[in-house]
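Heads up: the structure comes next, in structure tokens.
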Amino acid sequence: MAAENGKTKLKSLRVGFYTSSENLRTNNKGTVAAAFQVLFNQCASQMGNAHFAEFAGRDLKIQFLDRDLENGSYFGFISRRRKSANLAYITDEKWLEVKIPFVGNQSLSERTFFLYYPQQDFLVLSLNHLGPRHSDLAFLLFSNSQHATPISFEAIWKEESIKELLETGSSLRSCEISIAIPRNFNAANYNLSGMFANQVINMVSGSSSSHLTISLRGHSPLKKKSTEWLKGDVKASLKELLEKFPSGEGSLEFEKVDVVAQGDRKKKNLVDQVLTVKKSVIIQNDGYPSDSDVKISLIQAKIENDNYLRQYYLTKES
């Protein structure tokens with residue numbers, strides 16, 4: 001346990017919850033669990049118990065730290081090599097800043113810890129906006145899987161009806177977004193699949209202010225010379241942005257995301273609808289938490305929200 005002047009040092013750890021996609025659960029049950037087993041065995045046969053890969057221009061590493069014999073859960077981390085030239089500095093309480101003493105080809109690396117329960121098909125992730133995401137884990141599993149079915153994960157939302165609004169074939173009448181922009185915003189850290197999501201990133205990158213407000217309006221295609229209701233890529237992009245950058249993660253801050261569905265006049269607020277939990281983890285004397293303390297925090301986050309999360313656990317009867 002780390003202590004300075006007798007006081008324990010703590011750091012906030014944000015945790016998110018995921019399951020494999022609905023398609024995998026209904027048509028390819030057990031695919032993700034089997035892929036974890038294959039990748040675990042592959043890592044166990046290699047030096048350092050790790051596997052390396054490149055995905056969408058990102059250098060990735062996955063390493064398993066523990067396998068629980070009782071529930072079969074896998075615990076480990078994914079690392080992403082940070083190639084950005086905007087390096088951090090080491091500082092103290094008096095703001096004396098010194099450079100990180102890199103030697104040779106050394107570079108920064110960002111970690112995302114994972115805890116996967118194969119019997120429940122349930123994934124718990126630490127959230128790090130510079131580190132690997134659930135899509136990176138899905139790629140590592142799929143690229144080493146013996147199945148041809150692509151693997152994907154879906155974040156758990158507080159209100160399933162809100163998530164369904166962005167997934168089903170319904171359209172949106174309007175969308176209003178207000179974004180707080182971090183001072184050291186770097187567009188290179190954001191790799192998104194949605195066209196509108198990337199347009200948002202480009203608008204943020206090109207803005208010289210600390211806030212950006214976007215208003216979108218759709219009109220019935222039945223009206224002459226009018227555009228259609230907002231649908232397709234806009235909805236998918238909103239879902240992607242909110243899942244990958246939930247409120248308080250330290251990157252883009254979505255202060256307002258209000259949508260009005262086709263056939264409705266009432267606004268629905270999408271902010272803070274993705275379920276995340278903030279935990280405190282003990283910091284050691286070297287400034288890092290121990291792997292075991294991170295694992296305990298992930299387990300605690302799951303247990304504390306079990307009453308809500310259990311509806312997403314895959315059971316033998318399902």
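So you can find residues: chains in the structure tokens are A, B, ... in the order shown, residues in each start at 1, and ligands are numbered from 1 in order.
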- Item | All residues 12 Å or closer to Arg82 in chain A, only C-alpha atoms, same chain fewer than 6 positions away omitted, as a PyMOL selection string | chain A and resi 57-60+88+106-111+129-132+188-189
- Message: Excluding Leu13 in chain A and its own-chain neighbours fewer than 3 positions away, which residues fall within 12 Å of it when counting only C-alpha atoms? Please give them as a list in words.
- Response: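 Result of the neighbour search: Leu10, Gly16, Thr112, Phe113, Leu125, Ser126, Leu127, Asn128, Gly248, Glu249, Gly250, Thr276, Val277, Lys278, Lys279, Ser280, Val281, Ile282, Ile283, Tyr288, Pro289, Asp293, Val294, Lys295, Ile296, Ser297, Leu298, Gln300 and Ala301 of chain A.
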- Message: List the spatial neighbours of Ala138 in chain A as a ChimeraX atom specification - criterion: any atom at most 10 Å away, only C-alpha atoms, same-chain residues fewer than 4 positions off excluded.
- Response: /A:20,32,35-36,133-134,142-143,150-153
Name all residues at most 12 Å from Leu141 in chain A (count only C-alpha atoms; drop same-chain ones fewer than 5 positions away) and give them as a PDB file with N, CA, C and O atoms, in the first residue's frame.
```pdb
ATOM      1  N   SER A  20     -21.106  -9.307 -25.607  1.00  0.00           N
ATOM      2  CA  SER A  20     -20.927  -9.496 -27.037  1.00  0.00           C
ATOM      3  C   SER A  20     -22.200  -9.049 -27.747  1.00  0.00           C
ATOM      4  O   SER A  20     -23.269  -8.966 -27.141  1.00  0.00           O
ATOM      5  N   THR A  31     -19.175 -18.035 -29.122  1.00  0.00           N
ATOM      6  CA  THR A  31     -18.060 -17.675 -29.997  1.00  0.00           C
ATOM      7  C   THR A  31     -17.003 -16.865 -29.269  1.00  0.00           C
ATOM      8  O   THR A  31     -15.799 -17.113 -29.398  1.00  0.00           O
ATOM      9  N   VAL A  32     -17.435 -15.864 -28.471  1.00  0.00           N
ATOM     10  CA  VAL A  32     -16.482 -15.004 -27.763  1.00  0.00           C
ATOM     11  C   VAL A  32     -15.734 -15.789 -26.694  1.00  0.00           C
ATOM     12  O   VAL A  32     -14.511 -15.659 -26.538  1.00  0.00           O
ATOM     13  N   ALA A  33     -16.450 -16.623 -25.944  1.00  0.00           N
ATOM     14  CA  ALA A  33     -15.806 -17.440 -24.913  1.00  0.00           C
ATOM     15  C   ALA A  33     -14.766 -18.365 -25.528  1.00  0.00           C
ATOM     16  O   ALA A  33     -13.664 -18.535 -24.986  1.00  0.00           O
ATOM     17  N   ALA A  34     -15.097 -18.966 -26.668  1.00  0.00           N
ATOM     18  CA  ALA A  34     -14.157 -19.856 -27.350  1.00  0.00           C
ATOM     19  C   ALA A  34     -12.944 -19.083 -27.852  1.00  0.00           C
ATOM     20  O   ALA A  34     -11.806 -19.568 -27.785  1.00  0.00           O
ATOM     21  N   ALA A  35     -13.166 -17.854 -28.344  1.00  0.00           N
ATOM     22  CA  ALA A  35     -12.058 -17.023 -28.837  1.00  0.00           C
ATOM     23  C   ALA A  35     -11.126 -16.627 -27.707  1.00  0.00           C
ATOM     24  O   ALA A  35      -9.892 -16.572 -27.883  1.00  0.00           O
ATOM     25  N   PHE A  36     -11.679 -16.340 -26.533  1.00  0.00           N
ATOM     26  CA  PHE A  36     -10.844 -16.026 -25.367  1.00  0.00           C
ATOM     27  C   PHE A  36      -9.972 -17.219 -25.008  1.00  0.00           C
ATOM     28  O   PHE A  36      -8.786 -17.066 -24.682  1.00  0.00           O
ATOM     29  N   GLN A  37     -10.542 -18.412 -25.047  1.00  0.00           N
ATOM     30  CA  GLN A  37      -9.791 -19.613 -24.710  1.00  0.00           C
ATOM     31  C   GLN A  37      -8.630 -19.827 -25.676  1.00  0.00           C
ATOM     32  O   GLN A  37      -7.507 -20.140 -25.265  1.00  0.00           O
ATOM     33  N   VAL A  38      -8.888 -19.625 -26.979  1.00  0.00           N
ATOM     34  CA  VAL A  38      -7.850 -19.788 -27.990  1.00  0.00           C
ATOM     35  C   VAL A  38      -6.722 -18.785 -27.780  1.00  0.00           C
ATOM     36  O   VAL A  38      -5.529 -19.136 -27.810  1.00  0.00           O
ATOM     37  N   LEU A  39      -7.073 -17.506 -27.563  1.00  0.00           N
ATOM     38  CA  LEU A  39      -6.054 -16.469 -27.388  1.00  0.00           C
ATOM     39  C   LEU A  39      -5.293 -16.664 -26.083  1.00  0.00           C
ATOM     40  O   LEU A  39      -4.081 -16.434 -26.024  1.00  0.00           O
ATOM     41  N   PHE A  40      -5.992 -17.097 -25.035  1.00  0.00           N
ATOM     42  CA  PHE A  40      -5.330 -17.375 -23.752  1.00  0.00           C
ATOM     43  C   PHE A  40      -4.290 -18.484 -23.917  1.00  0.00           C
ATOM     44  O   PHE A  40      -3.160 -18.365 -23.435  1.00  0.00           O
ATOM     45  N   ASN A  41      -4.665 -19.559 -24.599  1.00  0.00           N
ATOM     46  CA  ASN A  41      -3.738 -20.673 -24.821  1.00  0.00           C
ATOM     47  C   ASN A  41      -2.551 -20.236 -25.671  1.00  0.00           C
ATOM     48  O   ASN A  41      -1.410 -20.648 -25.429  1.00  0.00           O
ATOM     49  N   GLN A  42      -2.817 -19.364 -26.669  1.00  0.00           N
ATOM     50  CA  GLN A  42      -1.736 -18.884 -27.529  1.00  0.00           C
ATOM     51  C   GLN A  42      -0.742 -18.049 -26.733  1.00  0.00           C
ATOM     52  O   GLN A  42       0.470 -18.193 -26.883  1.00  0.00           O
ATOM     53  N   CYS A  43      -1.270 -17.158 -25.886  1.00  0.00           N
ATOM     54  CA  CYS A  43      -0.387 -16.314 -25.071  1.00  0.00           C
ATOM     55  C   CYS A  43       0.410 -17.155 -24.069  1.00  0.00           C
ATOM     56  O   CYS A  43       1.585 -16.889 -23.808  1.00  0.00           O
ATOM     57  N   HIS A  51       0.591 -11.401 -26.643  1.00  0.00           N
ATOM     58  CA  HIS A  51       0.414 -11.480 -28.098  1.00  0.00           C
ATOM     59  C   HIS A  51       0.419 -10.058 -28.658  1.00  0.00           C
ATOM     60  O   HIS A  51      -0.129  -9.137 -28.042  1.00  0.00           O
ATOM     61  N   PHE A  52       1.022  -9.869 -29.826  1.00  0.00           N
ATOM     62  CA  PHE A  52       1.159  -8.544 -30.428  1.00  0.00           C
ATOM     63  C   PHE A  52       0.446  -8.504 -31.781  1.00  0.00           C
ATOM     64  O   PHE A  52       0.429  -9.489 -32.516  1.00  0.00           O
ATOM     65  N   ALA A  53      -0.135  -7.346 -32.106  1.00  0.00           N
ATOM     66  CA  ALA A  53      -0.842  -7.199 -33.376  1.00  0.00           C
ATOM     67  C   ALA A  53      -0.914  -5.730 -33.747  1.00  0.00           C
ATOM     68  O   ALA A  53      -0.626  -4.839 -32.935  1.00  0.00           O
ATOM     69  N   PHE A  55      -3.655  -2.975 -35.602  1.00  0.00           N
ATOM     70  CA  PHE A  55      -5.050  -2.824 -35.996  1.00  0.00           C
ATOM     71  C   PHE A  55      -5.352  -1.358 -36.240  1.00  0.00           C
ATOM     72  O   PHE A  55      -5.175  -0.523 -35.358  1.00  0.00           O
ATOM     73  N   LYS A  61      -0.900  -4.789 -27.885  1.00  0.00           N
ATOM     74  CA  LYS A  61      -0.382  -5.946 -27.148  1.00  0.00           C
ATOM     75  C   LYS A  61      -1.464  -6.387 -26.167  1.00  0.00           C
ATOM     76  O   LYS A  61      -2.117  -5.546 -25.535  1.00  0.00           O
ATOM     77  N   ILE A  62      -1.672  -7.702 -26.047  1.00  0.00           N
ATOM     78  CA  ILE A  62      -2.584  -8.220 -25.040  1.00  0.00           C
ATOM     79  C   ILE A  62      -1.815  -9.193 -24.161  1.00  0.00           C
ATOM     80  O   ILE A  62      -1.012  -9.991 -24.653  1.00  0.00           O
ATOM     81  N   ILE A  78      -4.776  -4.792 -22.264  1.00  0.00           N
ATOM     82  CA  ILE A  78      -4.374  -4.514 -23.639  1.00  0.00           C
ATOM     83  C   ILE A  78      -3.570  -3.217 -23.604  1.00  0.00           C
ATOM     84  O   ILE A  78      -3.960  -2.261 -22.923  1.00  0.00           O
ATOM     85  N   HIS A 134     -12.813  -1.400 -26.644  1.00  0.00           N
ATOM     86  CA  HIS A 134     -13.429  -2.719 -26.790  1.00  0.00           C
ATOM     87  C   HIS A 134     -13.314  -3.238 -28.219  1.00  0.00           C
ATOM     88  O   HIS A 134     -13.248  -4.446 -28.448  1.00  0.00           O
ATOM     89  N   SER A 135     -13.263  -2.336 -29.200  1.00  0.00           N
ATOM     90  CA  SER A 135     -13.101  -2.754 -30.590  1.00  0.00           C
ATOM     91  C   SER A 135     -11.722  -3.365 -30.833  1.00  0.00           C
ATOM     92  O   SER A 135     -11.567  -4.265 -31.672  1.00  0.00           O
ATOM     93  N   ASP A 136     -10.703  -2.879 -30.108  1.00  0.00           N
ATOM     94  CA  ASP A 136      -9.365  -3.455 -30.227  1.00  0.00           C
ATOM     95  C   ASP A 136      -9.338  -4.880 -29.663  1.00  0.00           C
ATOM     96  O   ASP A 136      -8.715  -5.775 -30.237  1.00  0.00           O
ATOM     97  N   GLN A 146     -10.852 -19.370 -34.283  1.00  0.00           N
ATOM     98  CA  GLN A 146     -11.018 -20.444 -35.256  1.00  0.00           C
ATOM     99  C   GLN A 146     -12.357 -20.325 -35.987  1.00  0.00           C
ATOM    100  O   GLN A 146     -12.680 -21.150 -36.835  1.00  0.00           O
ATOM    101  N   HIS A 147     -13.137 -19.279 -35.634  1.00  0.00           N
ATOM    102  CA  HIS A 147     -14.434 -19.052 -36.264  1.00  0.00           C
ATOM    103  C   HIS A 147     -14.315 -17.925 -37.295  1.00  0.00           C
ATOM    104  O   HIS A 147     -13.493 -17.023 -37.168  1.00  0.00           O
ATOM    105  N   ALA A 148     -15.163 -17.984 -38.326  1.00  0.00           N
ATOM    106  CA  ALA A 148     -15.162 -16.943 -39.360  1.00  0.00           C
ATOM    107  C   ALA A 148     -16.076 -15.784 -38.987  1.00  0.00           C
ATOM    108  O   ALA A 148     -16.102 -14.769 -39.682  1.00  0.00           O
ATOM    109  N   THR A 149     -16.825 -15.920 -37.891  1.00  0.00           N
ATOM    110  CA  THR A 149     -17.771 -14.886 -37.482  1.00  0.00           C
ATOM    111  C   THR A 149     -17.049 -13.722 -36.812  1.00  0.00           C
ATOM    112  O   THR A 149     -16.328 -13.929 -35.829  1.00  0.00           O
ATOM    113  N   PRO A 150     -17.211 -12.481 -37.310  1.00  0.00           N
ATOM    114  CA  PRO A 150     -16.592 -11.313 -36.654  1.00  0.00           C
ATOM    115  C   PRO A 150     -17.081 -11.163 -35.221  1.00  0.00           C
ATOM    116  O   PRO A 150     -18.234 -11.461 -34.902  1.00  0.00           O
ATOM    117  N   ILE A 151     -16.203 -10.692 -34.355  1.00  0.00           N
ATOM    118  CA  ILE A 151     -16.529 -10.504 -32.942  1.00  0.00           C
ATOM    119  C   ILE A 151     -16.703  -9.019 -32.657  1.00  0.00           C
ATOM    120  O   ILE A 151     -15.933  -8.188 -33.147  1.00  0.00           O
ATOM    121  N   SER A 152     -17.705  -8.683 -31.870  1.00  0.00           N
ATOM    122  CA  SER A 152     -17.932  -7.286 -31.497  1.00  0.00           C
ATOM    123  C   SER A 152     -18.565  -7.236 -30.107  1.00  0.00           C
ATOM    124  O   SER A 152     -19.221  -8.190 -29.668  1.00  0.00           O
ATOM    125  N   PHE A 153     -18.351  -6.109 -29.429  1.00  0.00           N
ATOM    126  CA  PHE A 153     -18.912  -5.893 -28.094  1.00  0.00           C
ATOM    127  C   PHE A 153     -19.820  -4.670 -28.110  1.00  0.00           C
ATOM    128  O   PHE A 153     -19.585  -3.719 -28.859  1.00  0.00           O
TER     129      PHE A 153
END
```
- Query: range 68-248 of chain A: which residues are strand (DSSP E or B) by DSSP, as a PyMOL selection string?
  - Reply: chain A and resi 74-82+89-90+98-99+108-117+122-126+153-155+157+172-180+211-217+230
- Task: Tell me, as a list in words, which residues lie within 8 Å of Val274 in chain A, counting only C-alpha atoms; anything in the same chain fewer than 5 positions away does not count.
- Result: Ala155, Ile156, Trp157, Lys158, Leu242, Glu243 and Pro246 of chain A
Residue selection dump (N, CA, C and O atoms) as a PDB file, in the first residue's frame:
```
ATOM      1  N   ALA A 155     -21.689  -1.764 -25.510  1.00  0.00           N
ATOM      2  CA  ALA A 155     -21.725  -1.182 -24.168  1.00  0.00           C
ATOM      3  C   ALA A 155     -23.124  -1.293 -23.582  1.00  0.00           C
ATOM      4  O   ALA A 155     -24.119  -1.297 -24.306  1.00  0.00           O
ATOM      5  N   ILE A 156     -23.192  -1.401 -22.268  1.00  0.00           N
ATOM      6  CA  ILE A 156     -24.482  -1.469 -21.575  1.00  0.00           C
ATOM      7  C   ILE A 156     -24.931  -0.059 -21.210  1.00  0.00           C
ATOM      8  O   ILE A 156     -24.162   0.731 -20.651  1.00  0.00           O
ATOM      9  N   TRP A 157     -26.181   0.240 -21.551  1.00  0.00           N
ATOM     10  CA  TRP A 157     -26.761   1.552 -21.285  1.00  0.00           C
ATOM     11  C   TRP A 157     -27.704   1.483 -20.093  1.00  0.00           C
ATOM     12  O   TRP A 157     -28.248   0.427 -19.771  1.00  0.00           O
ATOM     13  N   LYS A 158     -27.901   2.639 -19.451  1.00  0.00           N
ATOM     14  CA  LYS A 158     -28.786   2.683 -18.285  1.00  0.00           C
ATOM     15  C   LYS A 158     -30.241   2.450 -18.667  1.00  0.00           C
ATOM     16  O   LYS A 158     -30.997   1.829 -17.922  1.00  0.00           O
ATOM     17  N   LEU A 242     -20.906   8.295 -27.857  1.00  0.00           N
ATOM     18  CA  LEU A 242     -21.299   8.217 -26.453  1.00  0.00           C
ATOM     19  C   LEU A 242     -20.734   6.980 -25.767  1.00  0.00           C
ATOM     20  O   LEU A 242     -20.423   7.005 -24.574  1.00  0.00           O
ATOM     21  N   GLU A 243     -20.591   5.881 -26.511  1.00  0.00           N
ATOM     22  CA  GLU A 243     -20.053   4.659 -25.928  1.00  0.00           C
ATOM     23  C   GLU A 243     -18.539   4.736 -25.745  1.00  0.00           C
ATOM     24  O   GLU A 243     -18.002   4.260 -24.754  1.00  0.00           O
ATOM     25  N   PRO A 246     -17.611   8.245 -22.823  1.00  0.00           N
ATOM     26  CA  PRO A 246     -18.647   8.560 -21.839  1.00  0.00           C
ATOM     27  C   PRO A 246     -18.261   9.759 -20.983  1.00  0.00           C
ATOM     28  O   PRO A 246     -17.085  10.101 -20.855  1.00  0.00           O
TER      29      PRO A 246
END
```
- Pick out each residue of range 105-261 of chain A that DSSP on the backbone tags as alpha helix (DSSP H); I need them as number ranges by chain. A: 134-143, 160-167, 195-206, 233-244
Polymer residues at most 8 Å from Gln262 in chain A, only C-alpha atoms, same-chain spacing of 6 or more positions, as a CSV table (one decimal) with N, CA and C atoms, in the first residue's frame:
```
chain,number,residue,atom,x,y,z
A,170,SER,N,-35.9,3.3,-36.7
A,170,SER,CA,-36.6,4.6,-36.6
A,170,SER,C,-35.6,5.8,-36.9
A,171,SER,N,-36.2,6.9,-37.3
A,171,SER,CA,-35.4,8.1,-37.7
A,171,SER,C,-35.6,9.2,-36.6
A,172,LEU,N,-34.7,10.2,-36.7
A,172,LEU,CA,-34.7,11.3,-35.8
A,172,LEU,C,-35.2,12.6,-36.5
A,173,ARG,N,-36.0,13.3,-35.8
A,173,ARG,CA,-36.5,14.6,-36.3
A,173,ARG,C,-35.4,15.7,-36.2
A,229,TRP,N,-35.6,12.5,-42.9
A,229,TRP,CA,-35.3,12.5,-41.4
A,229,TRP,C,-33.9,12.0,-41.2
```
- Task: Go through A:Ser12, A:Asn184, A:Ser161, A:Gln311 one by one, measure the shortest atom-to-atom distance of each to Leu270 in chain A using only C-alpha atoms, and give the residue with the smallest value.
- Result: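 Among the listed residues, the smallest separation from Leu270 in chain A belongs to A:Ser161.
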Residue contacts of Pro182 in chain A (8 Å, only C-alpha atoms) excluding same-chain residues fewer than 3 positions away, as a PDB file with N, CA and C atoms, in the first residue's frame:
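As a result, selection34.pdb now contains:
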```pdb
ATOM      1  N   PHE A 185      -6.509  19.059 -27.194  1.00  0.00           N
ATOM      2  CA  PHE A 185      -7.203  18.111 -28.055  1.00  0.00           C
ATOM      3  C   PHE A 185      -6.318  17.690 -29.222  1.00  0.00           C
ATOM      4  N   SER A 210     -13.582  26.774 -26.801  1.00  0.00           N
ATOM      5  CA  SER A 210     -13.617  25.674 -25.833  1.00  0.00           C
ATOM      6  C   SER A 210     -14.910  24.885 -25.911  1.00  0.00           C
ATOM      7  N   SER A 251     -11.764  13.136 -21.950  1.00  0.00           N
ATOM      8  CA  SER A 251     -11.516  13.516 -23.337  1.00  0.00           C
ATOM      9  C   SER A 251     -12.584  14.501 -23.757  1.00  0.00           C
ATOM     10  N   LEU A 252     -13.254  14.257 -24.892  1.00  0.00           N
ATOM     11  CA  LEU A 252     -14.383  15.107 -25.258  1.00  0.00           C
ATOM     12  C   LEU A 252     -15.477  14.995 -24.209  1.00  0.00           C
ATOM     13  N   GLU A 253     -16.088  16.098 -23.857  1.00  0.00           N
ATOM     14  CA  GLU A 253     -17.153  16.103 -22.857  1.00  0.00           C
ATOM     15  C   GLU A 253     -18.455  16.518 -23.535  1.00  0.00           C
TER      16      GLU A 253
END
```
- Do you have the CA of Leu166 in chain A-CA of Ser237 in chain A distance handy? 9.2 Å
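In this model, the gap between CA of Val124 in chain A and CA of Phe75 in chain A comes to 9.6 Å.
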